[in-house]
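Trainee: So here's target33.tsv, just TSV, C-alpha atoms:
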```tsv
chain	number	residue	atom	x	y	z
A	1	MET	CA	13.60	-15.33	-19.70
A	2	LYS	CA	15.55	-18.53	-19.37
A	3	ILE	CA	15.61	-19.81	-15.81
A	4	GLU	CA	19.11	-21.16	-15.32
A	5	ALA	CA	19.22	-21.69	-11.55
A	6	VAL	CA	17.44	-20.95	-8.29
A	7	THR	CA	19.14	-20.32	-4.94
A	8	LEU	CA	17.20	-20.86	-1.74
A	9	ARG	CA	18.47	-19.63	1.58
A	10	GLU	CA	17.22	-19.46	5.13
A	11	ILE	CA	18.32	-16.41	7.08
A	12	ARG	CA	17.72	-15.60	10.75
A	13	MET	CA	17.18	-12.03	11.91
A	14	PRO	CA	16.35	-10.80	15.43
A	15	LEU	CA	13.44	-8.39	15.76
A	16	VAL	CA	13.99	-5.03	17.44
A	17	ASP	CA	11.04	-5.81	19.73
A	18	PHE	CA	8.92	-8.91	20.22
A	19	PHE	CA	5.69	-9.12	18.21
A	20	GLU	CA	2.68	-10.88	19.72
A	21	THR	CA	-0.65	-11.88	18.18
A	22	SER	CA	-3.36	-14.28	19.30
A	23	PHE	CA	-1.14	-17.04	17.80
A	24	GLY	CA	1.81	-16.32	20.09
A	25	ARG	CA	4.92	-14.16	20.57
A	26	THR	CA	7.87	-13.84	18.16
A	27	TYR	CA	11.36	-12.57	19.06
A	28	ASP	CA	13.23	-13.37	15.85
A	29	ARG	CA	12.46	-14.50	12.33
A	30	SER	CA	13.62	-17.42	10.23
A	31	ILE	CA	13.07	-16.20	6.66
A	32	LEU	CA	13.23	-18.10	3.38
A	33	LEU	CA	14.57	-16.15	0.40
A	34	ALA	CA	14.56	-17.26	-3.23
A	35	THR	CA	16.89	-15.96	-5.94
A	36	VAL	CA	16.03	-16.77	-9.56
A	37	HIS	CA	19.02	-16.55	-11.91
A	38	CYS	CA	17.86	-15.60	-15.42
A	39	GLU	CA	20.52	-14.81	-18.01
A	40	GLY	CA	22.32	-12.20	-15.92
A	41	ALA	CA	19.29	-10.94	-14.03
A	42	ASP	CA	18.94	-12.14	-10.45
A	43	GLY	CA	15.42	-11.68	-9.11
A	44	TRP	CA	14.79	-11.98	-5.38
A	45	GLY	CA	11.62	-13.07	-3.61
A	46	GLU	CA	10.66	-13.69	0.00
A	47	CYS	CA	8.62	-16.67	1.14
A	48	VAL	CA	6.59	-15.32	4.07
A	49	VAL	CA	6.05	-18.59	5.94
A	50	GLY	CA	6.51	-18.53	9.69
A	51	GLU	CA	8.76	-20.56	11.93
A	52	ASN	CA	5.75	-22.63	13.03
A	53	PRO	CA	2.47	-23.75	11.40
A	54	PHE	CA	0.34	-21.37	13.51
A	55	TYR	CA	-0.72	-18.46	11.28
A	56	SER	CA	-0.88	-20.84	8.33
A	57	SER	CA	-0.49	-24.57	7.74
A	58	GLU	CA	2.65	-23.62	5.81
A	59	TRP	CA	5.90	-23.12	7.65
A	60	ILE	CA	9.55	-22.98	6.74
A	61	GLU	CA	10.09	-26.74	7.05
A	62	SER	CA	7.20	-27.46	4.68
A	63	ALA	CA	8.14	-24.74	2.20
A	64	TRP	CA	11.77	-25.81	1.75
A	65	PRO	CA	11.11	-29.37	0.48
A	66	THR	CA	8.09	-28.20	-1.54
A	67	LEU	CA	10.32	-25.74	-3.33
A	68	THR	CA	13.29	-28.04	-3.85
A	69	GLN	CA	11.31	-31.11	-4.92
A	70	TYR	CA	8.43	-29.62	-6.90
A	71	LEU	CA	8.25	-25.87	-7.53
A	72	VAL	CA	11.85	-25.08	-8.47
A	73	PRO	CA	12.13	-28.13	-10.79
A	74	ALA	CA	8.97	-26.89	-12.56
A	75	LEU	CA	10.92	-23.76	-13.56
A	76	LEU	CA	14.51	-24.87	-14.16
A	77	GLY	CA	15.60	-24.75	-17.79
A	78	ARG	CA	12.36	-23.19	-18.98
A	79	VAL	CA	12.12	-20.13	-21.17
A	80	ILE	CA	9.12	-18.02	-20.20
A	81	ALA	CA	7.85	-14.72	-21.52
A	82	SER	CA	6.47	-13.44	-18.23
A	83	ALA	CA	6.26	-14.23	-14.53
A	84	ARG	CA	2.50	-14.50	-15.08
A	85	GLU	CA	3.15	-18.00	-16.43
A	86	CYS	CA	4.13	-19.27	-12.97
A	87	PRO	CA	0.65	-20.23	-11.69
A	88	SER	CA	0.07	-22.62	-14.58
A	89	LEU	CA	3.52	-24.17	-14.10
A	90	PHE	CA	2.81	-24.66	-10.38
A	91	ALA	CA	-0.77	-25.85	-10.84
A	92	LYS	CA	-0.06	-29.53	-10.07
A	93	VAL	CA	0.95	-28.58	-6.53
A	94	ARG	CA	-2.09	-27.99	-4.34
A	95	GLY	CA	-1.90	-25.17	-1.81
A	96	HIS	CA	1.58	-24.12	-0.63
A	97	ARG	CA	0.74	-20.60	-1.71
A	98	MET	CA	3.47	-18.91	0.32
A	99	ALA	CA	6.13	-21.15	-1.19
A	100	LYS	CA	4.75	-20.41	-4.66
A	101	GLY	CA	4.55	-16.70	-3.95
A	102	GLY	CA	8.17	-16.35	-2.89
A	103	LEU	CA	9.36	-18.02	-6.08
A	104	GLU	CA	6.93	-16.28	-8.43
A	105	ASN	CA	7.72	-12.86	-7.00
A	106	ALA	CA	11.42	-13.45	-7.57
A	107	LEU	CA	10.58	-13.98	-11.24
A	108	TRP	CA	8.58	-10.73	-11.35
A	109	ASP	CA	11.65	-8.99	-9.95
A	110	ALA	CA	13.87	-10.62	-12.58
A	111	GLU	CA	11.44	-9.70	-15.36
A	112	ALA	CA	11.37	-6.07	-14.24
A	113	LEU	CA	15.18	-6.00	-14.14
A	114	GLN	CA	15.47	-7.47	-17.63
A	115	LYS	CA	12.96	-4.95	-18.97
A	116	GLN	CA	14.71	-2.13	-17.07
A	117	GLN	CA	11.36	-1.23	-15.57
A	118	PRO	CA	10.34	-0.58	-11.96
A	119	LEU	CA	8.45	-3.53	-10.53
A	120	TRP	CA	5.54	-1.32	-9.53
A	121	LYS	CA	5.09	-0.19	-13.13
A	122	LEU	CA	5.27	-3.78	-14.39
A	123	LEU	CA	2.45	-4.61	-11.96
A	124	GLY	CA	0.34	-1.72	-13.29
A	125	GLY	CA	0.77	0.64	-10.36
A	126	SER	CA	0.40	4.40	-10.61
A	127	ARG	CA	0.97	5.96	-7.19
A	128	THR	CA	4.16	7.91	-6.54
A	129	GLU	CA	3.79	7.55	-2.77
A	130	ILE	CA	1.73	5.33	-0.48
A	131	PRO	CA	0.14	6.01	2.94
A	132	CYS	CA	1.39	3.92	5.84
A	133	GLY	CA	-0.12	2.46	8.96
A	134	VAL	CA	1.36	0.32	11.71
A	135	SER	CA	0.43	-2.96	13.33
A	136	ILE	CA	1.20	-3.11	17.05
A	137	GLY	CA	1.23	-6.47	18.76
A	138	ILE	CA	-0.14	-7.44	22.16
A	139	GLN	CA	1.99	-5.93	24.92
A	140	ASP	CA	2.81	-6.80	28.51
A	141	SER	CA	0.59	-3.95	29.74
A	142	ILE	CA	-1.85	-1.39	28.41
A	143	GLU	CA	0.53	1.38	29.46
A	144	GLN	CA	3.26	-0.20	27.31
A	145	LEU	CA	0.84	-0.31	24.38
A	146	LEU	CA	-0.15	3.34	24.85
A	147	ASP	CA	3.51	4.35	24.82
A	148	LYS	CA	4.05	2.50	21.55
A	149	ILE	CA	1.00	4.13	19.98
A	150	GLN	CA	2.29	7.55	21.01
A	151	THR	CA	5.65	6.78	19.40
A	152	GLU	CA	4.05	5.69	16.12
A	153	LEU	CA	1.69	8.68	15.98
A	154	ALA	CA	4.65	11.00	16.54
A	155	ALA	CA	6.40	9.25	13.62
A	156	GLY	CA	3.50	10.25	11.36
A	157	TYR	CA	1.73	6.93	10.78
A	158	ARG	CA	-1.79	7.40	9.42
A	159	ARG	CA	-3.50	4.37	10.92
A	160	ILE	CA	-2.95	2.47	14.14
A	161	LYS	CA	-3.87	-1.23	14.23
A	162	ILE	CA	-3.70	-3.23	17.44
A	163	LYS	CA	-3.89	-6.98	17.91
A	164	VAL	CA	-6.80	-8.20	20.03
A	165	LYS	CA	-7.98	-11.44	21.62
A	166	PRO	CA	-10.45	-12.30	24.38
A	167	GLY	CA	-9.23	-10.59	27.53
A	168	TRP	CA	-7.21	-8.03	25.55
A	169	ASP	CA	-9.81	-6.13	23.57
A	170	VAL	CA	-12.64	-3.93	24.87
A	171	ASN	CA	-10.71	-2.73	27.92
A	172	VAL	CA	-7.73	-1.89	25.72
A	173	LEU	CA	-9.80	-0.07	23.10
A	174	GLU	CA	-11.49	1.96	25.84
A	175	ARG	CA	-8.13	3.20	27.07
A	176	ILE	CA	-6.96	4.07	23.57
A	177	ARG	CA	-10.13	5.98	22.68
A	178	SER	CA	-10.15	7.84	26.00
A	179	ARG	CA	-6.72	9.22	25.08
A	180	TRP	CA	-7.07	9.58	21.29
A	181	ALA	CA	-10.69	10.12	20.30
A	182	ASP	CA	-10.11	10.84	16.63
A	183	ILE	CA	-7.19	8.75	15.36
A	184	THR	CA	-7.81	6.20	12.62
A	185	LEU	CA	-7.90	2.99	14.62
A	186	SER	CA	-8.48	-0.63	13.72
A	187	CYS	CA	-7.96	-4.00	15.35
A	188	ASP	CA	-6.91	-7.44	14.19
A	189	ALA	CA	-8.21	-10.59	15.87
A	190	ASN	CA	-6.35	-13.24	13.84
A	191	SER	CA	-9.36	-15.59	14.21
A	192	ALA	CA	-9.52	-15.29	18.01
A	193	TYR	CA	-13.34	-15.23	18.28
A	194	THR	CA	-16.35	-17.41	17.46
A	195	LEU	CA	-19.79	-16.55	16.17
A	196	ASP	CA	-21.40	-17.22	19.55
A	197	GLN	CA	-19.46	-14.19	20.87
A	198	VAL	CA	-21.49	-11.75	18.76
A	199	GLU	CA	-22.79	-9.86	21.80
A	200	HIS	CA	-19.22	-9.25	22.93
A	201	LEU	CA	-18.12	-8.23	19.43
A	202	ARG	CA	-20.98	-5.70	19.25
A	203	LYS	CA	-19.17	-3.77	21.99
A	204	PHE	CA	-16.48	-2.94	19.42
A	205	ASP	CA	-18.94	-0.68	17.58
A	206	GLN	CA	-18.69	2.03	20.25
A	207	PHE	CA	-15.05	2.68	19.35
A	208	HIS	CA	-15.70	3.81	15.75
A	209	LEU	CA	-13.02	1.56	14.30
A	210	LEU	CA	-11.97	1.61	10.68
A	211	MET	CA	-12.33	-2.20	10.76
A	212	ILE	CA	-12.09	-5.37	12.78
A	213	GLU	CA	-9.84	-7.73	10.90
A	214	GLN	CA	-10.47	-11.49	10.69
A	215	PRO	CA	-12.54	-11.99	13.87
A	216	LEU	CA	-13.50	-15.61	13.04
A	217	TRP	CA	-11.62	-18.63	11.71
A	218	ASP	CA	-10.23	-18.53	8.20
A	219	ASP	CA	-12.67	-21.07	6.70
A	220	GLU	CA	-15.74	-19.33	8.15
A	221	ILE	CA	-16.53	-16.91	5.33
A	222	TYR	CA	-20.25	-17.65	5.63
A	223	TYR	CA	-20.16	-17.01	9.39
A	224	HIS	CA	-18.39	-13.72	8.76
A	225	ALA	CA	-21.34	-12.74	6.54
A	226	ARG	CA	-23.70	-13.49	9.41
A	227	LEU	CA	-21.51	-11.55	11.83
A	228	GLN	CA	-21.19	-8.53	9.50
A	229	LYS	CA	-24.98	-8.17	9.52
A	230	GLU	CA	-24.83	-7.82	13.32
A	231	LEU	CA	-22.05	-5.21	13.46
A	232	ASN	CA	-21.81	-1.57	12.46
A	233	THR	CA	-18.02	-1.94	12.33
A	234	ALA	CA	-16.67	-3.05	8.96
A	235	ILE	CA	-15.18	-6.54	8.90
A	236	CYS	CA	-11.92	-6.91	6.99
A	237	LEU	CA	-10.96	-10.39	5.82
A	238	ASP	CA	-7.33	-11.50	5.83
A	239	GLU	CA	-6.63	-15.21	6.28
A	240	SER	CA	-9.94	-16.13	4.59
A	241	ILE	CA	-8.93	-14.55	1.28
A	242	VAL	CA	-6.56	-17.04	-0.35
A	243	ASN	CA	-7.39	-16.35	-4.01
A	244	ALA	CA	-9.71	-14.39	-6.28
A	245	ARG	CA	-12.43	-17.05	-5.95
A	246	SER	CA	-12.61	-16.74	-2.19
A	247	ALA	CA	-12.64	-12.95	-2.51
A	248	ALA	CA	-15.53	-13.08	-4.97
A	249	PHE	CA	-17.49	-15.44	-2.71
A	250	ALA	CA	-16.89	-13.29	0.37
A	251	LEU	CA	-17.98	-10.12	-1.37
A	252	ASP	CA	-21.00	-11.72	-3.03
A	253	ILE	CA	-22.42	-12.82	0.34
A	254	GLY	CA	-21.45	-9.66	2.23
A	255	ALA	CA	-18.84	-11.24	4.51
A	256	CYS	CA	-16.72	-8.09	4.68
A	257	ARG	CA	-16.48	-4.46	3.59
A	258	ILE	CA	-12.67	-4.32	3.35
A	259	VAL	CA	-10.04	-6.81	2.16
A	260	ASN	CA	-6.42	-7.17	3.24
A	261	ILE	CA	-4.24	-8.47	0.40
A	262	LYS	CA	-1.01	-10.20	1.42
A	263	VAL	CA	0.89	-11.20	-1.69
A	264	GLY	CA	2.41	-14.27	-0.04
A	265	ARG	CA	-0.88	-15.49	1.39
A	266	VAL	CA	-2.55	-15.56	-2.03
A	267	GLY	CA	0.41	-17.20	-3.81
A	268	GLY	CA	2.18	-14.36	-5.58
A	269	PHE	CA	1.66	-11.19	-7.58
A	270	THR	CA	-0.47	-12.78	-10.31
A	271	GLU	CA	-3.18	-13.86	-7.86
A	272	ALA	CA	-2.81	-10.67	-5.82
A	273	LEU	CA	-3.63	-8.68	-8.95
A	274	ALA	CA	-6.69	-10.86	-9.53
A	275	VAL	CA	-7.92	-10.32	-5.95
A	276	HIS	CA	-7.36	-6.58	-6.36
A	277	ASP	CA	-9.45	-6.56	-9.53
A	278	VAL	CA	-12.30	-8.54	-7.93
A	279	CYS	CA	-12.44	-6.06	-5.06
A	280	ARG	CA	-12.42	-3.07	-7.41
A	281	SER	CA	-15.33	-4.56	-9.34
A	282	HIS	CA	-17.28	-4.69	-6.05
A	283	ASN	CA	-16.12	-1.20	-4.96
A	284	ILE	CA	-14.40	-2.73	-1.94
A	285	PRO	CA	-11.23	-0.96	-0.71
A	286	VAL	CA	-8.09	-3.02	-0.16
A	287	TRP	CA	-4.85	-2.52	1.71
A	288	CYS	CA	-1.55	-4.38	1.92
A	289	GLY	CA	-0.89	-6.46	5.00
A	290	GLY	CA	2.52	-7.33	6.37
A	291	MET	CA	4.17	-10.57	7.52
A	292	LEU	CA	7.25	-9.23	9.36
A	293	GLU	CA	9.14	-9.17	6.06
A	294	THR	CA	12.71	-8.18	5.39
A	295	GLY	CA	13.29	-5.30	3.02
A	296	ILE	CA	12.88	-7.66	0.05
A	297	GLY	CA	9.30	-8.57	0.91
A	298	ARG	CA	8.70	-5.00	2.06
A	299	ALA	CA	9.83	-3.65	-1.33
A	300	HIS	CA	7.40	-6.03	-3.03
A	301	ASN	CA	4.59	-4.85	-0.73
A	302	ILE	CA	5.38	-1.26	-1.62
A	303	ALA	CA	5.18	-2.08	-5.34
A	304	LEU	CA	1.82	-3.82	-4.89
A	305	SER	CA	0.45	-0.90	-2.87
A	306	THR	CA	0.83	1.46	-5.85
A	307	LEU	CA	-2.17	-0.19	-7.55
A	308	PRO	CA	-5.31	2.00	-7.65
A	309	GLY	CA	-7.48	-0.16	-5.39
A	310	PHE	CA	-5.11	0.22	-2.42
A	311	SER	CA	-6.90	3.24	-0.98
A	312	LEU	CA	-6.35	2.52	2.73
A	313	PRO	CA	-3.05	2.77	4.66
A	314	GLY	CA	-1.33	-0.61	4.76
A	315	ASP	CA	1.05	-2.29	7.19
A	316	VAL	CA	4.06	-1.34	5.04
A	317	SER	CA	6.05	0.56	7.63
A	318	ALA	CA	9.69	1.59	8.05
A	319	SER	CA	12.47	-0.99	8.25
A	320	LYS	CA	13.65	0.36	11.60
A	321	ARG	CA	10.40	-0.67	13.29
A	322	TYR	CA	11.49	-4.30	12.92
A	323	TRP	CA	15.21	-4.58	12.16
A	324	LYS	CA	18.34	-3.01	13.61
A	325	GLU	CA	19.76	-3.31	10.10
A	326	ASP	CA	17.70	-4.34	7.10
A	327	ILE	CA	19.14	-6.31	4.19
A	328	ILE	CA	18.27	-3.66	1.59
A	329	ASP	CA	19.90	-0.33	0.84
A	330	PRO	CA	18.54	2.19	1.52
A	331	ALA	CA	16.25	1.01	4.30
A	332	VAL	CA	12.54	1.73	3.86
A	333	GLU	CA	11.73	5.08	5.45
A	334	VAL	CA	8.43	6.76	6.24
A	335	SER	CA	8.07	10.54	5.97
A	336	PRO	CA	6.78	12.67	8.89
A	337	GLN	CA	3.52	12.77	6.93
A	338	GLY	CA	3.23	8.97	7.08
A	339	MET	CA	4.10	8.30	3.44
A	340	ILE	CA	6.61	6.13	1.58
A	341	ALA	CA	7.99	7.60	-1.65
A	342	ILE	CA	8.11	5.15	-4.57
A	343	ARG	CA	11.56	4.59	-6.03
A	344	ASN	CA	11.74	4.83	-9.80
A	345	ARG	CA	14.47	2.22	-10.33
A	346	PRO	CA	14.37	-1.11	-12.19
A	347	GLY	CA	13.12	-4.14	-10.32
A	348	ARG	CA	12.31	-3.92	-6.63
A	349	GLY	CA	13.96	-0.49	-6.45
A	350	TYR	CA	16.37	-1.24	-3.61
A	351	ASP	CA	19.91	-2.62	-3.61
A	352	LEU	CA	20.78	-5.67	-1.51
A	353	LYS	CA	23.35	-5.92	1.28
A	354	LEU	CA	24.73	-9.21	0.02
A	355	ASP	CA	27.43	-9.47	2.70
A	356	LEU	CA	24.82	-9.03	5.44
A	357	ILE	CA	22.56	-11.61	3.82
A	358	GLU	CA	25.45	-14.08	3.82
A	359	GLU	CA	26.14	-13.28	7.46
A	360	PHE	CA	22.51	-14.06	8.37
A	361	THR	CA	22.35	-17.24	6.23
A	362	VAL	CA	22.03	-20.55	8.10
A	363	ARG	CA	21.06	-22.79	5.17
A	364	LYS	CA	21.59	-22.43	1.43
A	365	GLU	CA	21.03	-24.56	-1.66
A	366	THR	CA	21.38	-23.80	-5.37
A	367	LEU	CA	19.47	-25.90	-7.92
A	368	ARG	CA	20.55	-25.69	-11.56
A	369	ALA	CA	19.03	-26.66	-14.87
A	370	ARG	CA	20.52	-29.88	-16.24
```
Using structure tokens, write down the structure from this file.

Mentor:
Amino acid sequence: MKIEAVTLREIRMPLVDFFETSFGRTYDRSILLATVHCEGADGWGECVVGENPFYSSEWIESAWPTLTQYLVPALLGRVIASARECPSLFAKVRGHRMAKGGLENALWDAEALQKQQPLWKLLGGSRTEIPCGVSIGIQDSIEQLLDKIQTELAAGYRRIKIKVKPGWDVNVLERIRSRWADITLSCDANSAYTLDQVEHLRKFDQFHLLMIEQPLWDDEIYYHARLQKELNTAICLDESIVNARSAAFALDIGACRIVNIKVGRVGGFTEALAVHDVCRSHNIPVWCGGMLETGIGRAHNIALSTLPGFSLPGDVSASKRYWKEDIIDPAVEVSPQGMIAIRNRPGRGYDLKLDLIEEFTVRKETLRAR
């Protein structure tokens, strides 16, 4: 593949409903998209940085100059055999994994298009459908949360995940379990707790959760190992797992029993595959987390979720949960049984609504090979 040009664009899309975590509340999304132009094949990727450096040190205003000044120039004019070559080409740039991931994944999409192969098959996937769960943010009241859970259960979703933080946790879980004793339920703390709160976190065990996700800070893998020894509930690591090395370390010391793989967080499909393989070698189940993606990132998450290690329902839910109108066609839909069927088309498997993308675009730049 010869990389002739790369187009970056920032689009802004309002969410159907606000989404709140321990980091704060979001009403709309500024999203960075990358298009890699390769000899007639245009591959699209989504950089999953946020509007602010809260979830991660990366944000849209750090990703844009990193891409334009360093990562895109490392690709322009090159002829590469596979998107797997990206990590070595980006190696001089430390960190900035979400910026790297958006660009690398666009190349995977382009490679799949050129080979006339579905992206999920190029990645090594095998599932023809994937099970879906939902992530429900912190609400204005417990009653509002219960109503949302009822809606999602009626839609067929196979796992409910709620966001928790001190003051919005045990009391909320008690209300959920008193109404639904047997649903598959998990919670996500987004690093809202500290190790000295172990006695409080032990109270979570009574609710028979599938997992508690990322209770401690992202660089506290060792402390997660200490906490896991104190809890019956499985810990799932999210923000702590930034590459295959951190996954191997976490699993070797018993820091978690489940891993959430977000392709943007680890820097692209190549590293996501490596994390998946490390977890399989330790018999640790994985699932695909979400970052409020458009249909482009959602299509990539679907492709990743077809790999054999993704045995738990992920956060890859229907487009309509987030967007009044998604930028792909057709929109991602979930069956009444809580499943997404895998599309057997080249590349990401979904067409793009290019006119709508242009309508949402607030910044755009094309860089070309000299």

Trainee: List the spatial neighbours of Val170 in chain A as an MDAnalysis selection string - criterion: any atom at most 8 Å away, only C-alpha atoms, same-chain residues fewer than 3 positions off excluded.

Mentor: chainID A and resid 167 173:174 203:204

Trainee: Need the shell around Ser186 in chain A: protein/DNA/RNA residues with any atom at most 9 Å away, counting only C-alpha atoms. Skip same-chain ones fewer than 2 positions apart. Format as a ChimeraX atom specification?

Mentor: /A:159-163,184,188,208-213

Trainee: Can you tell me which residues surround Gln139 in chain A at a distance of at most 12 Å, considering all atoms listed in the file, apart from same-chain residues fewer than 5 positions away, and format the answer as a ChimeraX atom specification?

Mentor: /A:17-22,24-26,144-149,162-165,168-169,172

Trainee: Can you work out which one of A:Gly101, A:Gly125, A:Pro131, A:Pro285 has the shortest atom-to-atom distance to Cys86 in chain A, counting only C-alpha atoms?

Mentor: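 Checking each of A:Gly101, A:Gly125, A:Pro131, A:Pro285 against Cys86 in chain A, counting only C-alpha atoms, the winner is A:Gly101.
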
Trainee: Have a look at A:Ala110, A:Phe207, A:His200, A:Asn243 and name the one nearest to Arg177 in chain A; count all atoms listed in the file.

Mentor: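 Among the listed residues, the smallest separation from Arg177 in chain A belongs to A:Phe207.
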
Trainee: Given 5 Å on each side, where is the centre and what are the edge lengths in Å to one decimal of the axis-aligned box enclosing the listed atoms of range 150-162 of chain A, as lines of an AutoDock Vina configuration file?

Mentor:
```
center_x = 1.3
center_y = 3.9
center_z = 15.2
size_x = 20.3
size_y = 24.2
size_z = 21.6
```
